[in-house]
$ cat upload18.cif   # mmCIF, C-alpha atoms
data_upload
loop_
_atom_site.label_atom_id
_atom_site.label_comp_id
_atom_site.auth_asym_id
_atom_site.auth_seq_id
_atom_site.Cartn_x
_atom_site.Cartn_y
_atom_site.Cartn_z
CA MET A 1 -2.24 5.32 -27.03
CA ASN A 2 -3.65 5.05 -23.53
CA LYS A 3 -2.52 8.16 -21.64
CA LYS A 4 -3.46 6.84 -18.19
CA LYS A 5 -0.75 7.36 -15.60
CA LEU A 6 0.54 4.63 -13.28
CA PRO A 7 2.82 4.76 -10.23
CA TYR A 8 6.41 4.82 -11.47
CA THR A 9 9.93 5.08 -10.13
CA THR A 10 12.36 7.93 -10.72
CA ALA A 11 14.46 5.62 -12.87
CA GLU A 12 11.46 4.86 -15.07
CA LEU A 13 10.72 8.57 -15.43
CA MET A 14 14.33 9.18 -16.48
CA ILE A 15 14.17 6.31 -18.99
CA CYS A 16 10.98 7.65 -20.58
CA ARG A 17 12.34 11.17 -20.78
CA ALA A 18 15.68 10.02 -22.20
CA ALA A 19 13.88 7.93 -24.82
CA LYS A 20 12.21 11.08 -26.14
CA GLU A 21 15.65 12.45 -27.06
CA LEU A 22 15.92 9.73 -29.71
CA ARG A 23 14.32 10.24 -33.13
CA ASP A 24 13.24 7.79 -35.79
CA ARG A 25 15.89 6.84 -38.39
CA GLU A 26 18.73 8.34 -36.36
CA ILE A 27 22.00 6.58 -35.55
CA ALA A 28 22.50 6.47 -31.79
CA PHE A 29 25.60 5.49 -29.79
CA ILE A 30 24.21 3.74 -26.71
CA GLY A 31 25.89 2.67 -23.46
CA THR A 32 25.10 0.16 -20.73
CA GLY A 33 22.30 0.75 -18.25
CA LEU A 34 19.60 3.38 -18.44
CA PRO A 35 20.48 4.51 -22.02
CA MET A 36 20.06 0.93 -23.23
CA ILE A 37 16.52 0.69 -21.84
CA ALA A 38 15.72 4.16 -23.21
CA ALA A 39 16.83 3.11 -26.70
CA MET A 40 14.81 -0.10 -26.57
CA LEU A 41 11.77 1.88 -25.41
CA ALA A 42 12.19 4.40 -28.22
CA LYS A 43 12.32 1.59 -30.81
CA ARG A 44 9.11 0.10 -29.41
CA THR A 45 7.26 3.43 -29.45
CA HIS A 46 8.08 6.49 -31.59
CA ALA A 47 11.39 5.51 -33.24
CA PRO A 48 11.06 2.00 -34.73
CA ASN A 49 13.82 2.66 -37.28
CA LEU A 50 16.38 3.92 -34.76
CA VAL A 51 19.84 2.47 -35.52
CA ILE A 52 21.59 1.46 -32.30
CA ILE A 53 25.38 1.25 -32.14
CA PHE A 54 27.31 -0.33 -29.29
CA GLU A 55 30.94 0.42 -28.45
CA ALA A 56 31.98 -3.23 -28.70
CA GLY A 57 31.19 -3.22 -32.42
CA THR A 58 27.54 -4.13 -32.98
CA ILE A 59 25.63 -1.99 -35.48
CA ASP A 60 21.84 -1.83 -35.88
CA SER A 61 20.94 -4.47 -33.32
CA LYS A 62 17.25 -5.45 -33.15
CA LEU A 63 17.34 -6.01 -29.41
CA VAL A 64 14.88 -8.64 -28.24
CA HIS A 65 16.30 -9.38 -24.78
CA LEU A 66 18.02 -6.72 -22.67
CA PRO A 67 21.85 -7.09 -22.78
CA GLY A 68 23.81 -6.79 -19.56
CA SER A 69 26.45 -4.62 -21.21
CA VAL A 70 27.57 -3.27 -24.60
CA GLY A 71 29.68 -6.40 -25.03
CA ASP A 72 26.88 -8.85 -24.29
CA PRO A 73 26.34 -11.41 -27.13
CA ARG A 74 22.65 -10.43 -27.10
CA CYS A 75 23.64 -7.13 -28.72
CA VAL A 76 24.35 -9.10 -31.89
CA CYS A 77 20.70 -10.19 -32.33
CA SER A 78 19.63 -9.50 -35.95
CA SER A 79 22.26 -6.76 -36.27
CA THR A 80 23.40 -5.65 -39.71
CA THR A 81 27.08 -5.65 -38.68
CA CYS A 82 29.12 -7.26 -35.90
CA SER A 83 32.64 -5.89 -36.09
CA GLY A 84 34.74 -4.08 -33.50
CA LEU A 85 35.87 -0.81 -31.95
CA PHE A 86 37.76 0.29 -35.04
CA ASP A 87 34.68 0.19 -37.25
CA VAL A 88 32.19 1.88 -34.93
CA PHE A 89 34.60 4.64 -33.92
CA GLY A 90 36.55 5.05 -37.13
CA THR A 91 34.14 4.23 -39.92
CA ILE A 92 30.97 5.65 -38.35
CA LEU A 93 31.66 8.08 -35.49
CA GLN A 94 34.70 9.89 -36.92
CA ARG A 95 32.98 10.30 -40.29
CA GLY A 96 30.11 12.20 -38.65
CA ARG A 97 27.48 9.50 -39.06
CA VAL A 98 26.38 9.36 -35.38
CA ASP A 99 23.39 11.62 -34.68
CA VAL A 100 23.27 11.27 -30.89
CA GLY A 101 25.41 9.76 -28.16
CA PHE A 102 24.45 9.07 -24.55
CA LEU A 103 27.06 10.03 -21.93
CA GLY A 104 27.55 10.13 -18.18
CA GLY A 105 30.31 10.90 -15.72
CA ALA A 106 31.34 11.62 -12.16
CA GLN A 107 31.16 15.40 -12.71
CA CYS A 108 29.39 17.75 -15.12
CA ASP A 109 29.84 21.52 -15.11
CA MET A 110 27.60 24.35 -16.39
CA TYR A 111 28.88 23.91 -19.96
CA GLY A 112 28.31 20.16 -20.08
CA ASN A 113 31.98 19.22 -19.76
CA LEU A 114 32.31 15.77 -18.17
CA ASN A 115 34.88 14.26 -15.85
CA SER A 116 35.32 10.51 -15.56
CA THR A 117 39.08 10.55 -14.92
CA ALA A 118 39.95 11.85 -11.44
CA ILE A 119 38.48 13.74 -8.49
CA GLY A 120 40.94 16.31 -7.16
CA ASN A 121 44.42 16.88 -8.54
CA TYR A 122 45.12 14.58 -11.48
CA TRP A 123 48.58 13.61 -10.20
CA LYS A 124 47.43 13.01 -6.60
CA PRO A 125 43.68 12.47 -6.88
CA LYS A 126 41.24 11.81 -4.07
CA VAL A 127 39.62 9.25 -6.34
CA ARG A 128 40.99 7.74 -9.55
CA LEU A 129 38.15 7.02 -11.96
CA PRO A 130 37.96 4.62 -14.96
CA GLY A 131 38.72 7.29 -17.57
CA SER A 132 37.20 8.09 -20.93
CA GLY A 133 36.59 4.78 -22.62
CA GLY A 134 34.81 5.88 -25.78
CA ALA A 135 33.07 8.85 -24.13
CA GLY A 136 35.69 11.40 -25.16
CA ASP A 137 35.33 10.45 -28.81
CA ILE A 138 31.52 10.46 -28.68
CA ALA A 139 31.44 13.87 -26.96
CA ALA A 140 33.74 15.36 -29.60
CA LEU A 141 32.36 13.76 -32.75
CA ALA A 142 28.64 12.97 -32.40
CA LYS A 143 26.20 15.53 -33.81
CA ARG A 144 24.71 15.96 -30.35
CA THR A 145 24.99 14.33 -26.93
CA VAL A 146 22.59 13.60 -24.10
CA ILE A 147 23.95 13.37 -20.55
CA ILE A 148 22.33 11.18 -17.90
CA MET A 149 23.43 11.57 -14.27
CA LYS A 150 22.35 11.41 -10.65
CA HIS A 151 21.79 14.97 -9.41
CA GLU A 152 24.13 15.74 -6.50
CA LYS A 153 26.13 18.87 -5.69
CA ARG A 154 29.41 16.97 -5.84
CA ARG A 155 28.53 15.81 -9.36
CA PHE A 156 27.63 19.29 -10.66
CA PRO A 157 30.55 21.56 -9.66
CA LEU A 158 31.26 25.00 -11.06
CA LYS A 159 34.17 23.46 -12.97
CA VAL A 160 35.11 19.83 -13.49
CA ASP A 161 38.32 18.67 -11.83
CA TYR A 162 39.45 17.10 -15.09
CA LEU A 163 37.94 17.53 -18.55
CA THR A 164 37.52 14.01 -19.90
CA SER A 165 34.67 14.51 -22.38
CA VAL A 166 34.24 17.93 -23.96
CA GLY A 167 30.96 19.83 -23.72
CA TRP A 168 30.71 23.49 -24.73
CA VAL A 169 34.14 24.04 -23.07
CA ASP A 170 33.71 27.64 -21.82
CA GLY A 171 30.93 29.09 -23.97
CA PRO A 172 29.50 29.40 -27.48
CA GLU A 173 32.89 29.48 -29.24
CA GLY A 174 34.48 26.88 -26.98
CA ARG A 175 34.22 23.89 -29.28
CA SER A 176 35.41 25.74 -32.38
CA LYS A 177 38.43 27.05 -30.45
CA VAL A 178 39.58 23.50 -29.81
CA GLY A 179 38.98 22.45 -33.41
CA LEU A 180 35.56 20.77 -33.14
CA THR A 181 33.26 21.58 -36.02
CA ARG A 182 30.07 19.85 -34.88
CA GLY A 183 28.22 18.46 -31.90
CA GLY A 184 27.81 19.45 -28.29
CA PRO A 185 25.53 18.50 -25.39
CA VAL A 186 21.85 19.39 -25.75
CA THR A 187 20.12 17.76 -22.78
CA VAL A 188 20.98 16.61 -19.25
CA VAL A 189 18.53 14.16 -17.67
CA THR A 190 18.88 13.72 -13.90
CA ASP A 191 16.78 12.21 -11.14
CA LEU A 192 15.53 15.73 -10.24
CA CYS A 193 15.06 17.55 -13.53
CA VAL A 194 15.89 17.97 -17.20
CA MET A 195 18.39 20.67 -18.14
CA LYS A 196 19.28 22.14 -21.51
CA PHE A 197 21.82 24.70 -22.79
CA ASP A 198 21.11 28.33 -23.68
CA GLU A 199 21.60 28.93 -27.41
CA LYS A 200 23.59 32.14 -26.87
CA THR A 201 25.66 31.45 -23.75
CA LYS A 202 25.72 27.62 -23.84
CA ARG A 203 25.17 27.63 -20.09
CA MET A 204 22.95 25.02 -18.53
CA TYR A 205 19.41 25.95 -17.48
CA VAL A 206 16.47 24.00 -16.05
CA ALA A 207 13.94 23.11 -18.75
CA GLU A 208 11.79 20.60 -16.85
CA ILE A 209 11.28 19.80 -13.17
CA HIS A 210 10.24 16.28 -12.22
CA PRO A 211 6.89 15.97 -10.39
CA GLY A 212 7.25 16.44 -6.65
CA VAL A 213 10.70 18.08 -6.85
CA SER A 214 11.21 21.70 -5.74
CA ARG A 215 13.40 24.36 -7.34
CA GLU A 216 15.13 24.83 -4.01
CA ARG A 217 16.20 21.20 -3.90
CA ILE A 218 17.57 21.30 -7.45
CA GLN A 219 19.58 24.45 -6.76
CA ALA A 220 20.87 23.07 -3.46
CA GLU A 221 22.22 20.02 -5.30
CA THR A 222 23.99 22.13 -7.97
CA GLY A 223 27.34 23.88 -7.57
CA PHE A 224 26.48 26.84 -9.84
CA PRO A 225 23.45 29.17 -10.24
CA LEU A 226 20.62 27.81 -12.38
CA ASP A 227 18.04 29.64 -14.47
CA PHE A 228 14.49 28.35 -13.84
CA SER A 229 12.66 30.92 -15.98
CA LYS A 230 11.83 28.39 -18.72
CA ALA A 231 11.09 25.46 -16.42
CA LYS A 232 8.03 23.30 -16.99
CA THR A 233 6.92 20.04 -15.39
CA THR A 234 8.41 16.87 -16.83
CA PRO A 235 5.70 14.77 -18.55
CA GLU A 236 4.93 11.62 -16.59
CA PRO A 237 5.32 8.18 -18.18
CA THR A 238 2.24 6.66 -19.81
CA GLU A 239 0.74 3.32 -18.87
CA GLU A 240 2.06 1.81 -22.11
CA GLU A 241 5.61 3.05 -21.50
CA ILE A 242 5.68 1.57 -17.98
CA ARG A 243 4.22 -1.70 -19.26
CA LEU A 244 6.88 -1.97 -21.96
CA ILE A 245 9.72 -1.27 -19.52
CA ARG A 246 8.51 -3.72 -16.87
CA GLU A 247 7.06 -6.51 -19.00
CA LYS A 248 8.93 -6.43 -22.30
CA ILE A 249 12.28 -4.64 -21.95
CA ASP A 250 13.55 -5.52 -18.46
CA PRO A 251 11.09 -8.00 -16.92
CA GLU A 252 13.90 -9.69 -14.96
CA ARG A 253 15.04 -6.33 -13.49
CA VAL A 254 18.55 -6.86 -14.84
CA ILE A 255 19.20 -3.11 -15.02
CA LEU A 256 16.17 -1.71 -13.20
CA HIS A 257 17.44 -3.37 -10.04
CA ARG A 258 20.71 -1.42 -10.34
CA LEU A 259 18.69 1.79 -10.64
CA SER A 260 16.43 1.01 -7.67
CA LYS A 261 18.24 3.54 -5.45
CA LEU A 262 16.85 6.37 -7.62
CA LYS A 263 13.75 6.93 -5.49
#
$ encode --input "upload18.cif" --output "structure tokens"
Amino acid sequence: MNKKKLPYTTAELMICRAAKELRDREIAFIGTGLPMIAAMLAKRTHAPNLVIIFEAGTIDSKLVHLPGSVGDPRCVCSSTTCSGLFDVFGTILQRGRVDVGFLGGAQCDMYGNLNSTAIGNYWKPKVRLPGSGGAGDIAALAKRTVIIMKHEKRRFPLKVDYLTSVGWVDGPEGRSKVGLTRGGPVTVVTDLCVMKFDEKTKRMYVAEIHPGVSRERIQAETGFPLDFSKAKTTPEPTEEEIRLIREKIDPERVILHRLSKLK
């Protein structure tokens, strides 16, 4: 593969890095937007046998044209199954068949707990958010989860205002204490860096820093102290990855246009 580097956007860097979290022959629960492009990129590069599942009920879609959402009819293209919510959540997710799920939210704390329900007091919130959707189930039942978010201090508080989708709760025994026997967040991809979770404490630490971003900026945009001792530089996208994203996956900028503010 040609390793030459081309100019790229922050969104494209995030897509390429998120794609690397997906492995060949895994079953992946994918959402609308950046995760969708990342999954399509993974299938066209290192994970051709990746099985993509969409919340609306499509299983193992062979995506040819980028869908606008998880309910887009294009998700059905050459899929092995086109059913509904009951099958993808009940038959596959709850039985432990999903290897990785992509998640996001309005807030994420140091243990990877996500809030997509309310900002402020639940009963009298400053902002009422859409809620869990399927995220709560995916966070609890997938074998591992990957979080993708914009990196801002308001989005990474010390503690989430409302726990919508469970991460490591409050530490290494947090999930087992609430009855969860598997799973947990492993990676957080933001527009500034890539963060992972310490094996012993389950606290978030910086694993990779995006080119041109300083440690000071990352810490200033985070509401809790971060460990940078293991930080490396995030690998830049290759020429082939950028070509696939721009020419094959989203040539009409259906989703890339929405991500254009990630400079």
$ residues_around --input "upload18.cif" --residues "region 104-113 of chain A" --least-positions-apart "5" --cutoff "6 Å" --atoms "all atoms listed in the file" --output "list in words"
Ile147, Ile148, Met149, Arg155, Phe156, Pro157, Leu158, Lys159, Val160, Val166, Gly167, Trp168, Arg203 and Met204 of chain A
$ resolve_selection --input "upload18.cif" --expression "the PyMOL selection byres ((chain A and resi 199) around 12)" --output "NGL selection string"
:A and (111 or 168 or 171-173 or 184-186 or 196-198 or 200-205)
$ atom_distance --input "upload18.cif" --atom1 "CA of Ala42 (chain A)" --atom2 "CA of Ile15 (chain A)"
9.6 Å
$ closest_residue --input "upload18.cif" --among "A:Ala142, A:Ile30, A:Ile209, A:Leu163" --to "Asn121 (chain A)" --atoms "only C-alpha atoms"
A:Leu163
$ atom_distance --input "upload18.cif" --atom1 "CA of Ser165 (chain A)" --atom2 "CA of Ala118 (chain A)"
12.4 Å
$ resolve_selection --input "upload18.cif" --expression "the PyMOL selection byres ((chain A and resi 244) around 12)" --output "mmCIF file with C-alpha atoms, in the frame of the given file"
data_model
loop_
_atom_site.group_PDB
_atom_site.id
_atom_site.type_symbol
_atom_site.label_atom_id
_atom_site.label_comp_id
_atom_site.auth_asym_id
_atom_site.auth_seq_id
_atom_site.Cartn_x
_atom_site.Cartn_y
_atom_site.Cartn_z
ATOM 1 C CA GLU A 12 11.460 4.860 -15.070
ATOM 2 C CA ILE A 15 14.170 6.310 -18.990
ATOM 3 C CA CYS A 16 10.980 7.650 -20.580
ATOM 4 C CA ILE A 37 16.520 0.690 -21.840
ATOM 5 C CA ALA A 38 15.720 4.160 -23.210
ATOM 6 C CA MET A 40 14.810 -0.100 -26.570
ATOM 7 C CA LEU A 41 11.770 1.880 -25.410
ATOM 8 C CA ALA A 42 12.190 4.400 -28.220
ATOM 9 C CA LYS A 43 12.320 1.590 -30.810
ATOM 10 C CA ARG A 44 9.110 0.100 -29.410
ATOM 11 C CA THR A 45 7.260 3.430 -29.450
ATOM 12 C CA PRO A 237 5.320 8.180 -18.180
ATOM 13 C CA THR A 238 2.240 6.660 -19.810
ATOM 14 C CA GLU A 239 0.740 3.320 -18.870
ATOM 15 C CA GLU A 240 2.060 1.810 -22.110
ATOM 16 C CA GLU A 241 5.610 3.050 -21.500
ATOM 17 C CA ILE A 242 5.680 1.570 -17.980
ATOM 18 C CA ARG A 243 4.220 -1.700 -19.260
ATOM 19 C CA ILE A 245 9.720 -1.270 -19.520
ATOM 20 C CA ARG A 246 8.510 -3.720 -16.870
ATOM 21 C CA GLU A 247 7.060 -6.510 -19.000
ATOM 22 C CA LYS A 248 8.930 -6.430 -22.300
ATOM 23 C CA ILE A 249 12.280 -4.640 -21.950
ATOM 24 C CA ASP A 250 13.550 -5.520 -18.460
ATOM 25 C CA PRO A 251 11.090 -8.000 -16.920
#
$ closest_residue --input "upload18.cif" --among "A:Thr117, A:Ser61, A:Thr80, A:Thr234" --to "Ala18 (chain A)" --atoms "all atoms listed in the file"
A:Thr234
$ closest_residue --input "upload18.cif" --among "A:His65, A:Lys232, A:His46, A:Arg182" --to "Glu252 (chain A)" --atoms "all atoms listed in the file"
A:His65
$ atom_distance --input "upload18.cif" --atom1 "CA of Val88 (chain A)" --atom2 "CA of Arg17 (chain A)"
26.1 Å
$ build_atoms --input "upload18.cif" --residues "region 55-81 of chain A" --atoms "N, CA and C atoms" --output "PDB file, keeping the file's coordinate frame"
ATOM      1  N   GLU A  55      29.499   0.194 -28.419  1.00  0.00           N
ATOM      2  CA  GLU A  55      30.940   0.420 -28.450  1.00  0.00           C
ATOM      3  C   GLU A  55      31.734  -0.839 -28.827  1.00  0.00           C
ATOM      4  N   ALA A  56      31.239  -1.996 -28.436  1.00  0.00           N
ATOM      5  CA  ALA A  56      31.980  -3.230 -28.700  1.00  0.00           C
ATOM      6  C   ALA A  56      31.981  -3.624 -30.167  1.00  0.00           C
ATOM      7  N   GLY A  57      31.125  -2.984 -30.989  1.00  0.00           N
ATOM      8  CA  GLY A  57      31.190  -3.220 -32.420  1.00  0.00           C
ATOM      9  C   GLY A  57      29.914  -3.655 -33.103  1.00  0.00           C
ATOM     10  N   THR A  58      28.807  -3.721 -32.371  1.00  0.00           N
ATOM     11  CA  THR A  58      27.540  -4.130 -32.980  1.00  0.00           C
ATOM     12  C   THR A  58      26.819  -2.925 -33.559  1.00  0.00           C
ATOM     13  N   ILE A  59      26.321  -3.070 -34.787  1.00  0.00           N
ATOM     14  CA  ILE A  59      25.630  -1.990 -35.480  1.00  0.00           C
ATOM     15  C   ILE A  59      24.222  -2.427 -35.860  1.00  0.00           C
ATOM     16  N   ASP A  60      23.247  -1.612 -35.526  1.00  0.00           N
ATOM     17  CA  ASP A  60      21.840  -1.830 -35.880  1.00  0.00           C
ATOM     18  C   ASP A  60      21.296  -3.127 -35.294  1.00  0.00           C
ATOM     19  N   SER A  61      21.496  -3.315 -33.999  1.00  0.00           N
ATOM     20  CA  SER A  61      20.940  -4.470 -33.320  1.00  0.00           C
ATOM     21  C   SER A  61      19.427  -4.324 -33.176  1.00  0.00           C
ATOM     22  N   LYS A  62      18.702  -5.431 -33.359  1.00  0.00           N
ATOM     23  CA  LYS A  62      17.250  -5.450 -33.150  1.00  0.00           C
ATOM     24  C   LYS A  62      17.001  -6.118 -31.800  1.00  0.00           C
ATOM     25  N   LEU A  63      17.325  -5.434 -30.741  1.00  0.00           N
ATOM     26  CA  LEU A  63      17.340  -6.010 -29.410  1.00  0.00           C
ATOM     27  C   LEU A  63      15.999  -6.643 -29.025  1.00  0.00           C
ATOM     28  N   VAL A  64      16.060  -7.905 -28.687  1.00  0.00           N
ATOM     29  CA  VAL A  64      14.880  -8.640 -28.240  1.00  0.00           C
ATOM     30  C   VAL A  64      14.933  -8.835 -26.726  1.00  0.00           C
ATOM     31  N   HIS A  65      16.111  -9.165 -26.222  1.00  0.00           N
ATOM     32  CA  HIS A  65      16.300  -9.380 -24.780  1.00  0.00           C
ATOM     33  C   HIS A  65      17.369  -8.415 -24.297  1.00  0.00           C
ATOM     34  N   LEU A  66      17.135  -7.770 -23.176  1.00  0.00           N
ATOM     35  CA  LEU A  66      18.020  -6.720 -22.670  1.00  0.00           C
ATOM     36  C   LEU A  66      19.427  -7.244 -22.392  1.00  0.00           C
ATOM     37  N   PRO A  67      20.466  -6.692 -23.058  1.00  0.00           N
ATOM     38  CA  PRO A  67      21.850  -7.090 -22.780  1.00  0.00           C
ATOM     39  C   PRO A  67      22.300  -6.558 -21.418  1.00  0.00           C
ATOM     40  N   GLY A  68      23.269  -7.247 -20.835  1.00  0.00           N
ATOM     41  CA  GLY A  68      23.810  -6.790 -19.560  1.00  0.00           C
ATOM     42  C   GLY A  68      24.867  -5.719 -19.729  1.00  0.00           C
ATOM     43  N   SER A  69      25.430  -5.626 -20.938  1.00  0.00           N
ATOM     44  CA  SER A  69      26.450  -4.620 -21.210  1.00  0.00           C
ATOM     45  C   SER A  69      26.565  -4.458 -22.725  1.00  0.00           C
ATOM     46  N   VAL A  70      27.393  -3.507 -23.155  1.00  0.00           N
ATOM     47  CA  VAL A  70      27.570  -3.270 -24.600  1.00  0.00           C
ATOM     48  C   VAL A  70      28.335  -4.397 -25.273  1.00  0.00           C
ATOM     49  N   GLY A  71      28.948  -5.275 -24.474  1.00  0.00           N
ATOM     50  CA  GLY A  71      29.680  -6.400 -25.030  1.00  0.00           C
ATOM     51  C   GLY A  71      28.939  -7.716 -24.917  1.00  0.00           C
ATOM     52  N   ASP A  72      27.707  -7.662 -24.449  1.00  0.00           N
ATOM     53  CA  ASP A  72      26.880  -8.850 -24.290  1.00  0.00           C
ATOM     54  C   ASP A  72      26.554  -9.455 -25.660  1.00  0.00           C
ATOM     55  N   PRO A  73      26.673 -10.779 -25.836  1.00  0.00           N
ATOM     56  CA  PRO A  73      26.340 -11.410 -27.130  1.00  0.00           C
ATOM     57  C   PRO A  73      24.925 -11.097 -27.613  1.00  0.00           C
ATOM     58  N   ARG A  74      24.011 -10.754 -26.694  1.00  0.00           N
ATOM     59  CA  ARG A  74      22.650 -10.430 -27.100  1.00  0.00           C
ATOM     60  C   ARG A  74      22.571  -9.161 -27.934  1.00  0.00           C
ATOM     61  N   CYS A  75      23.603  -8.339 -27.880  1.00  0.00           N
ATOM     62  CA  CYS A  75      23.640  -7.130 -28.720  1.00  0.00           C
ATOM     63  C   CYS A  75      23.706  -7.482 -30.206  1.00  0.00           C
ATOM     64  N   VAL A  76      24.158  -8.681 -30.499  1.00  0.00           N
ATOM     65  CA  VAL A  76      24.350  -9.100 -31.890  1.00  0.00           C
ATOM     66  C   VAL A  76      23.029  -9.476 -32.559  1.00  0.00           C
ATOM     67  N   CYS A  77      21.962  -9.681 -31.789  1.00  0.00           N
ATOM     68  CA  CYS A  77      20.700 -10.190 -32.330  1.00  0.00           C
ATOM     69  C   CYS A  77      20.205  -9.404 -33.543  1.00  0.00           C
ATOM     70  N   SER A  78      20.150 -10.064 -34.690  1.00  0.00           N
ATOM     71  CA  SER A  78      19.630  -9.500 -35.950  1.00  0.00           C
ATOM     72  C   SER A  78      20.313  -8.197 -36.354  1.00  0.00           C
ATOM     73  N   SER A  79      21.541  -7.983 -35.896  1.00  0.00           N
ATOM     74  CA  SER A  79      22.260  -6.760 -36.270  1.00  0.00           C
ATOM     75  C   SER A  79      22.709  -6.839 -37.726  1.00  0.00           C
ATOM     76  N   THR A  80      22.929  -5.675 -38.322  1.00  0.00           N
ATOM     77  CA  THR A  80      23.400  -5.650 -39.710  1.00  0.00           C
ATOM     78  C   THR A  80      24.909  -5.873 -39.772  1.00  0.00           C
ATOM     79  N   THR A  81      25.624  -5.491 -38.696  1.00  0.00           N
ATOM     80  CA  THR A  81      27.080  -5.650 -38.680  1.00  0.00           C
ATOM     81  C   THR A  81      27.536  -6.004 -37.272  1.00  0.00           C
TER      82      THR A  81
END
